[in-house]
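See below for the structure under consideration.
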Amino acid sequence: MKDTAVPRPPHPVERNESLPGEIAASETHALKNARSIDTILGSQAYVPATEDVQFLQGSDARGVRLQLDYLKPELAMREQGIENTIVVFGGTRITDRETSRACVERLEDALAIDPDNKALQRKLAKAHRVLHKSGYYDVARAFSRLVAESGDGPGDLRLVVMTGGGPGIMEAANRGATEAGAKTVGLNITLPKEQYPNPYLTPELCFQFNYFALRKMHFMLRAKALVAFPGGYGTLDELFETLTLIQTRKIEPLPVVLVGESFWRKAINVDFLVEEGVIDDEDRDLFWYADTAEDIWEGLCLWHERAGKPLYTAG
C-alpha cells in the first residue's frame, strides 16, 4: 500500500472548516440578537446534568446521589489499599482529661458567682461524670495504637481503624493510630450544623457522606470488629444495627466489644430483654465487655482464632 493512500490523522480538536453549529466571533453579536442565544445559554435546562448542582440535589436524583455516596469512598479506599477495618464508635462528648477538667473548672467558677443556679448545678454534675469517663478517651487512644502496631506494623493496611470522623472517642481512636504512624479512616456525615472532622484523620481517607444509610454500609463492608465505647443515640444506633445484622445473619458474624462494663450494664439491660422473651439466650452472646485496651485487643484476636478466621490474612 502506498503511503499516500493513508490520510493523515485529523487534529483532535481543530478543524480546517467550521461545523454549521460553530459560531465565528464576528457573527456572534448578530446571531445573539436574532435568536436570543444568550437566553438559551443561560437557561438551567442547558446546563449539563453532571454540572447542574440544582438538578443533582433534587429529589429525582436521589438514586444517583446514593450511588455516588457509595462509589467515591469505595474507590478511594481501594486505591489506598485498605483491606479490613476495626470500627470504633463512642460519644462525641467524651473528651480528653485536660479538656474535660477545663469544662469542670469553668462551671465551678460560674457556680461560685451564682451558687443557687440549678441549671449550673446540673451542668456541673454532668461535667464531673464526663470527666470521670475521660478515661475511655485514653483507652480508645491506646487501643488504636495496638491495632496500628499489630501485623507488620503501622504501614500494614490489611487492618486499620475506622471511626465516624468526629470528636470525642472517635478523635481518640484516630489519634492513637495516627500517633503510631498508621493510616486511619473517618466517615463523616453532613449535618444541618456541620460536624468538622477531627484533626487526626488521614486526609485521603476522610470522607463526608450525605446519607446515613450509605455511611452505615461502609462501616460494615470491611469490618473485622466493632468496638463500642460509652456514647449516646448515635453510638446506640450503630451498635443495635450491627447486633441486628449479626442476629439475623444478614452479615457474617463479627466480634462486638462494649468498652466500659459498668456503663453498658446500666445503659442496656440485656438480661431483661432475654427474660421478657424479646431476644433469645444466644443473642446475649453476640457481644462481650472489656475495660482496657489490652483486653479489647486480646479478646478480638481470640474471637477470630476461634472462628478460624485470623485478623490478618497472608500478604
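In the C-alpha cells, each chain is lettered A, B, ... as it comes, each chain's residues begin at 1, and ligands are numbered from 1 in order of appearance.
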
Next on the checklist: Env of Thr85 of chain A: 7 Å cut, atoms = only C-alpha atoms, seq-sep filter 5 positions within chain, self excluded. Answer as a VMD selection string.
Outcome noted: chain A and resid 159 to 162 222 to 224

Would you export the selected residues with N, CA and C atoms as a PDB file, in the first residue's frame, please?
```pdb
ATOM      1  N   LEU A 159      -5.327  -4.025  58.093  1.00  0.00           N
ATOM      2  CA  LEU A 159      -6.246  -3.780  59.196  1.00  0.00           C
ATOM      3  C   LEU A 159      -6.007  -2.361  59.713  1.00  0.00           C
ATOM      4  N   VAL A 160      -7.013  -1.498  59.561  1.00  0.00           N
ATOM      5  CA  VAL A 160      -6.881  -0.109  60.010  1.00  0.00           C
ATOM      6  C   VAL A 160      -8.092   0.274  60.854  1.00  0.00           C
ATOM      7  N   VAL A 161      -7.921   1.316  61.637  1.00  0.00           N
ATOM      8  CA  VAL A 161      -9.005   1.820  62.486  1.00  0.00           C
ATOM      9  C   VAL A 161      -9.901   2.742  61.668  1.00  0.00           C
ATOM     10  N   MET A 162     -11.210   2.553  61.824  1.00  0.00           N
ATOM     11  CA  MET A 162     -12.200   3.399  61.152  1.00  0.00           C
ATOM     12  C   MET A 162     -13.166   3.947  62.200  1.00  0.00           C
ATOM     13  N   ARG A 222     -15.968  -3.568  55.376  1.00  0.00           N
ATOM     14  CA  ARG A 222     -14.633  -4.110  55.619  1.00  0.00           C
ATOM     15  C   ARG A 222     -14.405  -4.444  57.086  1.00  0.00           C
ATOM     16  N   ALA A 223     -15.460  -4.398  57.894  1.00  0.00           N
ATOM     17  CA  ALA A 223     -15.308  -4.521  59.343  1.00  0.00           C
ATOM     18  C   ALA A 223     -14.900  -5.929  59.763  1.00  0.00           C
ATOM     19  N   LYS A 224     -13.871  -5.986  60.585  1.00  0.00           N
ATOM     20  CA  LYS A 224     -13.456  -7.222  61.244  1.00  0.00           C
ATOM     21  C   LYS A 224     -13.894  -7.234  62.700  1.00  0.00           C
TER      22      LYS A 224
END
```

Next on the checklist: Please return, as a PyMOL selection string, all residues of segment 7-141 of chain A that DSSP assigns to helix (DSSP H, G or I) on the basis of the backbone.
Outcome noted: chain A and resi 25-35+37-41+44-46+49-51+53-56+59-80+97-113+118-141

Please produce an output containing C-alpha atoms for each residue in the selection, written as a compact mmCIF listing (two decimals), in the first residue's frame.
```txt
# COMPACT_ATOMS: atom_id res chain seq x y z
CA ALA A 25 -16.64 35.55 16.75
CA SER A 26 -17.56 38.15 14.13
CA GLU A 27 -21.06 36.68 13.77
CA THR A 28 -21.83 36.24 17.45
CA HIS A 29 -23.47 39.60 18.19
CA ALA A 30 -25.94 39.50 15.32
CA LEU A 31 -26.89 35.89 15.96
CA LYS A 32 -27.50 36.56 19.67
CA ASN A 33 -29.91 39.32 18.81
CA ALA A 34 -31.63 37.21 16.21
CA ARG A 35 -32.14 34.07 18.28
CA ILE A 37 -28.69 32.81 22.25
CA ASP A 38 -27.72 34.48 25.49
CA THR A 39 -31.07 33.48 27.00
CA ILE A 40 -30.71 29.92 25.77
CA LEU A 41 -27.17 29.55 27.07
CA GLN A 44 -30.94 25.97 33.60
CA ALA A 45 -32.02 23.34 31.11
CA TYR A 46 -28.86 23.91 29.08
CA ALA A 49 -26.55 17.19 34.08
CA THR A 50 -23.15 16.43 35.63
CA GLU A 51 -22.61 20.16 36.29
CA VAL A 53 -25.97 21.19 41.15
CA GLN A 54 -29.63 22.14 41.45
CA PHE A 55 -30.61 19.04 39.48
CA LEU A 56 -28.22 16.73 41.33
CA SER A 59 -35.36 14.60 44.91
CA ASP A 60 -35.46 12.91 41.49
CA ALA A 61 -31.68 12.48 41.51
CA ARG A 62 -31.62 10.77 44.90
CA GLY A 63 -30.77 7.41 43.34
CA VAL A 64 -27.73 8.91 41.64
CA ARG A 65 -26.61 10.53 44.87
CA LEU A 66 -26.93 7.22 46.70
CA GLN A 67 -24.68 5.59 44.12
CA LEU A 68 -22.11 8.38 44.37
CA ASP A 69 -22.20 8.25 48.18
CA TYR A 70 -21.19 4.61 47.91
CA LEU A 71 -18.80 4.82 44.98
CA LYS A 72 -16.44 7.67 45.87
CA PRO A 73 -15.27 6.28 49.26
CA GLU A 74 -15.18 2.74 47.88
CA LEU A 75 -12.85 3.68 45.05
CA ALA A 76 -10.67 5.80 47.33
CA MET A 77 -10.25 3.00 49.87
CA ARG A 78 -9.41 0.52 47.13
CA GLU A 79 -6.85 2.94 45.73
CA GLN A 80 -5.30 3.36 49.19
CA ARG A 97 -8.90 14.70 80.56
CA GLU A 98 -7.48 18.17 80.05
CA THR A 99 -10.49 19.37 78.06
CA SER A 100 -12.95 17.71 80.44
CA ARG A 101 -11.25 19.16 83.50
CA ALA A 102 -11.24 22.64 81.97
CA CYS A 103 -15.00 22.36 81.44
CA VAL A 104 -15.49 21.41 85.11
CA GLU A 105 -13.36 24.33 86.27
CA ARG A 106 -15.29 26.84 84.13
CA LEU A 107 -18.58 25.63 85.58
CA GLU A 108 -17.19 25.70 89.12
CA ASP A 109 -16.13 29.31 88.60
CA ALA A 110 -19.57 30.20 87.24
CA LEU A 111 -21.31 28.46 90.11
CA ALA A 112 -19.14 30.27 92.64
CA ILE A 113 -20.63 33.51 91.34
CA LYS A 118 -29.95 24.96 89.49
CA ALA A 119 -29.12 24.76 85.79
CA LEU A 120 -25.42 25.33 86.52
CA GLN A 121 -25.53 22.73 89.26
CA ARG A 122 -26.90 20.13 86.84
CA LYS A 123 -24.34 21.06 84.20
CA LEU A 124 -21.52 20.75 86.72
CA ALA A 125 -22.75 17.34 87.87
CA LYS A 126 -22.78 16.10 84.28
CA ALA A 127 -19.38 17.65 83.60
CA HIS A 128 -17.96 15.69 86.52
CA ARG A 129 -19.40 12.47 85.08
CA VAL A 130 -17.90 13.26 81.68
CA LEU A 131 -14.56 13.94 83.36
CA HIS A 132 -14.81 10.54 85.01
CA LYS A 133 -15.45 8.95 81.59
CA SER A 134 -12.48 10.74 80.02
CA GLY A 135 -10.51 7.63 80.92
CA TYR A 136 -12.25 5.97 77.98
CA TYR A 137 -10.59 8.52 75.70
CA ASP A 138 -7.26 7.17 76.88
CA VAL A 139 -8.40 3.57 76.37
CA ALA A 140 -9.58 4.27 72.80
CA ARG A 141 -6.31 6.02 72.01
```

Next on the checklist: What's around segment 258-260 of chain A at 6 Å? Count only C-alpha atoms, leave out sequence neighbours fewer than 2 positions away in its own chain, and write the answer as a PyMOL selection string.
Outcome noted: chain A and resi 228-229+262-263+289-291

Checklist entry - Which residues come within 12 Å of segment 299-303 of chain A, counting only C-alpha atoms, excluding same-chain residues fewer than 4 positions away, as a PyMOL selection string? => result chain A and resi 86+143+146-147+150-151+224-227+253-259+285-295+307-312

Members of segment 32-224 of chain A assigned strand (DSSP E or B) by DSSP, as a JSON list (two decimals) with N, CA and C atoms, in the first residue's frame:
```json
[["chain", "number", "residue", "atom", "x", "y", "z"],
["A", 84, "ASN", "N", -9.20, -4.32, 55.49],
["A", 84, "ASN", "CA", -10.13, -4.57, 56.58],
["A", 84, "ASN", "C", -10.02, -3.48, 57.63],
["A", 85, "THR", "N", -11.09, -3.33, 58.41],
["A", 85, "THR", "CA", -11.12, -2.27, 59.41],
["A", 85, "THR", "C", -11.60, -2.79, 60.77],
["A", 86, "ILE", "N", -11.21, -2.09, 61.80],
["A", 86, "ILE", "CA", -11.85, -2.24, 63.10],
["A", 86, "ILE", "C", -12.58, -0.93, 63.35],
["A", 87, "VAL", "N", -13.89, -1.03, 63.48],
["A", 87, "VAL", "CA", -14.74, 0.16, 63.61],
["A", 87, "VAL", "C", -14.87, 0.51, 65.08],
["A", 88, "VAL", "N", -14.61, 1.77, 65.40],
["A", 88, "VAL", "CA", -14.70, 2.26, 66.78],
["A", 88, "VAL", "C", -15.77, 3.33, 66.86],
["A", 89, "PHE", "N", -16.76, 3.10, 67.73],
["A", 89, "PHE", "CA", -17.80, 4.08, 67.99],
["A", 89, "PHE", "C", -17.66, 4.60, 69.41],
["A", 159, "LEU", "N", -5.33, -4.03, 58.09],
["A", 159, "LEU", "CA", -6.25, -3.78, 59.20],
["A", 159, "LEU", "C", -6.01, -2.36, 59.71],
["A", 160, "VAL", "N", -7.01, -1.50, 59.56],
["A", 160, "VAL", "CA", -6.88, -0.11, 60.01],
["A", 160, "VAL", "C", -8.09, 0.27, 60.85],
["A", 161, "VAL", "N", -7.92, 1.32, 61.64],
["A", 161, "VAL", "CA", -9.01, 1.82, 62.49],
["A", 161, "VAL", "C", -9.90, 2.74, 61.67],
["A", 162, "MET", "N", -11.21, 2.55, 61.82],
["A", 162, "MET", "CA", -12.20, 3.40, 61.15],
["A", 162, "MET", "C", -13.17, 3.95, 62.20],
["A", 163, "THR", "N", -13.47, 5.25, 62.10],
["A", 163, "THR", "CA", -14.43, 5.88, 63.02],
["A", 163, "THR", "C", -15.41, 6.73, 62.22],
["A", 184, "THR", "N", -5.58, 6.04, 59.02],
["A", 184, "THR", "CA", -6.81, 5.82, 59.76],
["A", 184, "THR", "C", -7.96, 6.51, 59.05],
["A", 185, "VAL", "N", -9.14, 5.88, 59.06],
["A", 185, "VAL", "CA", -10.27, 6.30, 58.23],
["A", 185, "VAL", "C", -11.34, 6.99, 59.06],
["A", 186, "GLY", "N", -11.97, 8.01, 58.48],
["A", 186, "GLY", "CA", -13.09, 8.68, 59.13],
["A", 186, "GLY", "C", -14.25, 8.85, 58.16],
["A", 187, "LEU", "N", -15.44, 8.44, 58.59],
["A", 187, "LEU", "CA", -16.64, 8.57, 57.76],
["A", 187, "LEU", "C", -17.54, 9.64, 58.36],
["A", 188, "ASN", "N", -17.33, 10.88, 57.96],
["A", 188, "ASN", "CA", -18.15, 11.97, 58.46],
["A", 188, "ASN", "C", -19.51, 12.00, 57.78],
["A", 189, "ILE", "N", -20.44, 12.73, 58.36],
["A", 189, "ILE", "CA", -21.78, 12.84, 57.80],
["A", 189, "ILE", "C", -22.16, 14.31, 57.73],
["A", 206, "CYS", "N", -10.50, 10.57, 54.66],
["A", 206, "CYS", "CA", -11.55, 11.26, 55.40],
["A", 206, "CYS", "C", -12.68, 11.59, 54.43],
["A", 207, "PHE", "N", -13.83, 10.98, 54.63],
["A", 207, "PHE", "CA", -14.94, 11.11, 53.70],
["A", 207, "PHE", "C", -16.13, 11.80, 54.35],
["A", 208, "GLN", "N", -16.97, 12.39, 53.52],
["A", 208, "GLN", "CA", -18.17, 13.04, 54.01],
["A", 208, "GLN", "C", -19.38, 12.46, 53.26],
["A", 209, "PHE", "N", -20.30, 11.88, 54.02],
["A", 209, "PHE", "CA", -21.47, 11.23, 53.43],
["A", 209, "PHE", "C", -22.70, 12.12, 53.52],
["A", 223, "ALA", "N", -15.46, -4.40, 57.89],
["A", 223, "ALA", "CA", -15.31, -4.52, 59.34],
["A", 223, "ALA", "C", -14.90, -5.93, 59.76],
["A", 224, "LYS", "N", -13.87, -5.99, 60.59],
["A", 224, "LYS", "CA", -13.46, -7.22, 61.24],
["A", 224, "LYS", "C", -13.89, -7.23, 62.70]]
```

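Remark: for Asp283 of chain A, the closest of the candidate residues A:Thr92, A:Asn269, A:Gln57, A:Thr244 is A:Thr244 (distances computed over only C-alpha atoms).
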